[in-house]
Each structure stands twice: as structure tokens, then as C-alpha cells.
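Note sheet for the following structure.
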Amino acid sequence: MTYEKIVEKVTKIFAKAKVENKDTHIAYVVRVDGEGEGTFYIEIKDGSVNVAPYNYDGNNLYFATDSKVLFSILEEKTDIFTAYNEGKVYDVSADLSIFQALIDSKPKKASTKKASTTKKAATTKKATTAKKATAAKKTEAKADETKAATKKTATAKKATATKATATKKADAKADETKTATTKKATTAKKTTTKKTTK
């Protein structure tokens with residue numbers, strides 16, 4: 001990445017930056033070493049952030065780093081203190097904590113995150129609704145199956161009861177017939193015995 005591209009990218013990062021305290025005036029000078037080597041400044045003044053491709057002599061903070069670390073810090077992927085402790089930010093002229101005012105001035109990506117979260121919530125809600133609908137259909141199908149099974153069972157019980165009644169009636173008739181036949185036989189035997197006795 002060239003020096004000009006680095007300055008352009010830093011300018012875009014802070015294009016919509018707003019500082020709540022309009023009286024704040026802080027100038028940061030950043031020296032980029034390695035690819036895109038050069039010095040530029042970032043200034044907070046009159047409630048906005050300005051970036052210019054040159055050194056600012058009346059700066060509040062001066063530090064050096066490479067372009068990758070710089071963008072990692074500006075995009076809040078890396079904390080400036082961590083980068084300093086790891087030796088990736090060096091030649092520091094003042095307390096790095098004043099750099100936080102610059103980071104705080106950047107527009108937050110919360111709206112993108114919020115939209116993403118809302119989209120995820122809507123997707124999750126749709127999925128949950130679909131799952132509930134599918135579960136309801138399954139429950140309804142199971143209820144229908146249970147009703148059908150209950151009906152089958154009731155029909156089978158009724159048929160069994162009818163068969164049992166028919167069997168009882170048949171058994172009763174058979175018993176009657178048997179009793180009648182036994183009576184006839186007994187009566188015939190008695191008659192035969194009487195005739196023989198006379």
C-alpha cells in the first residue's frame with residue numbers, strides 16, 4: 001500500500017467522525033515505517049477530525065508503527081496499548097491514553113451490527129415459527145393417528161363384544177338344546193322303564 005493510499009484510507013475512516021466536546025484540540029502525528037512509509041497527522045479540532053499528509057509540529061502525541069498495525073488499531077481490532085506492549089507501536093512521545101479520544105470520535109458500526117442482529121433475529125424468528133408450525137403439524141398428524149387408532153380399537157372392541165354376545169347366545173342355545181335333549185332322553189327312559197315294570 002502506498003503512502004497516499006494510507007492517508008486516503010485514514011481520511012475515510014474519520015470522514016464522519018464527531019467529537020462531543022467542541023473545545024477538544026489534539027493533534028496526533030503518525031510515522032508509518034515499512035510499506036507506504038511516511039508521516040501524516042490526525043487532528044481533532046472544532047468537533048471534527050482532520051487528516052493531512054504532513055508533520056504537525058505542535059502535536060500532542062507522536063508514535064511510529066507499520067500500516068497493518070495502524071489499521072488494526074484504527075479499526076479497533078487491536079488495542080494501542082497491546083500493540084505498544086508487543087513493540088508494534090514505538091517512538092511514543094506521550095501517554096497513549098489520549099489516543100482513545102480519537103478512537104471514540106469514529107462513527108460506531110453499531111447500526112450495522114444492529115441491522116445484522118435484527119436480521120438474525122428475524123431469521124431466527126422465522127425459523128422458530130417454521131419449526132413450531134412443523135411441530136404443530138406433526139402433533140396434529142399424531143392426534144389424527146391416535147384418533148384413528150382409538151376408533152379402530154373401539155370398532156375392534158365392539159366386534160369382539162358382539163362376537164362374545166353371539167357366542168354366549170349360541171352357548172346358551174346349545175345348553176338349552178342339550179338340556180332339552182337330556183330331558184327327552186330322561187323322559188323316554190322313564191317311560192320305557194315304566195312300561196317294562198308293568
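In the C-alpha cells, chains take letters A, B, ... by order of appearance, with residues numbered from 1 within each chain and ligands from 1 in the order shown.
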Tell me which protein, DNA and RNA residues are within 7 Å of region 43-47 of chain A, counting only C-alpha atoms, leaving out same-chain ones fewer than 6 positions away, and put them as a list in words.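 In the requested form, the answer reads Lys18, Val19, Glu20, Asn21, Lys22, Asp23, Thr24, His25, Ile26, Ala27 and Tyr28 of chain A.
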Would you export the selected residues with C-alpha atoms as a compact mmCIF listing (two decimals), in the first residue's frame, please?
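Ended up saving to selection-v6.txt:
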# COMPACT_ATOMS: atom_id res chain seq x y z
CA LYS A 18 -17.70 13.63 15.60
CA VAL A 19 -16.18 14.79 18.86
CA GLU A 20 -18.69 15.64 21.59
CA ASN A 21 -16.51 18.27 23.25
CA LYS A 22 -16.07 21.03 20.64
CA ASP A 23 -13.26 22.57 22.72
CA THR A 24 -11.06 19.48 22.36
CA HIS A 25 -7.91 20.05 20.35
CA ILE A 26 -5.48 17.15 19.99
CA ALA A 27 -3.01 16.53 17.20
CA TYR A 28 -1.53 13.09 16.57
Please, what distance in Å, to one decimal, runs between CA of Ser48 (chain A) and CA of Lys88 (chain A)?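 Going from CA of Ser48 (chain A) over to CA of Lys88 (chain A), I get 27.7 Å.
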Find the residues near Phe63 (chain A): any atom within 6 Å, counting only C-alpha atoms, skip ones fewer than 4 places away on the same chain, and give them as a list of chain:residue names.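 Once the adjacent positions are removed, what remains is A:Val30, A:Tyr90, A:Asp91, A:Val92.
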Selection: 9 Å around Phe99 (chain A), only C-alpha atoms, excl. self and same-chain fewer than 4 positions, as number ranges by chain: A: 26, 28, 61, 80, 95, 103-104
Nearest residue to Lys108 (chain A) out of A:Ala64, A:Val32, A:Ile6, A:Leu74, using only C-alpha atoms? A:Leu74
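CA of Gln100 (chain A) sits 24.7 Å away from CA of Gly34 (chain A).
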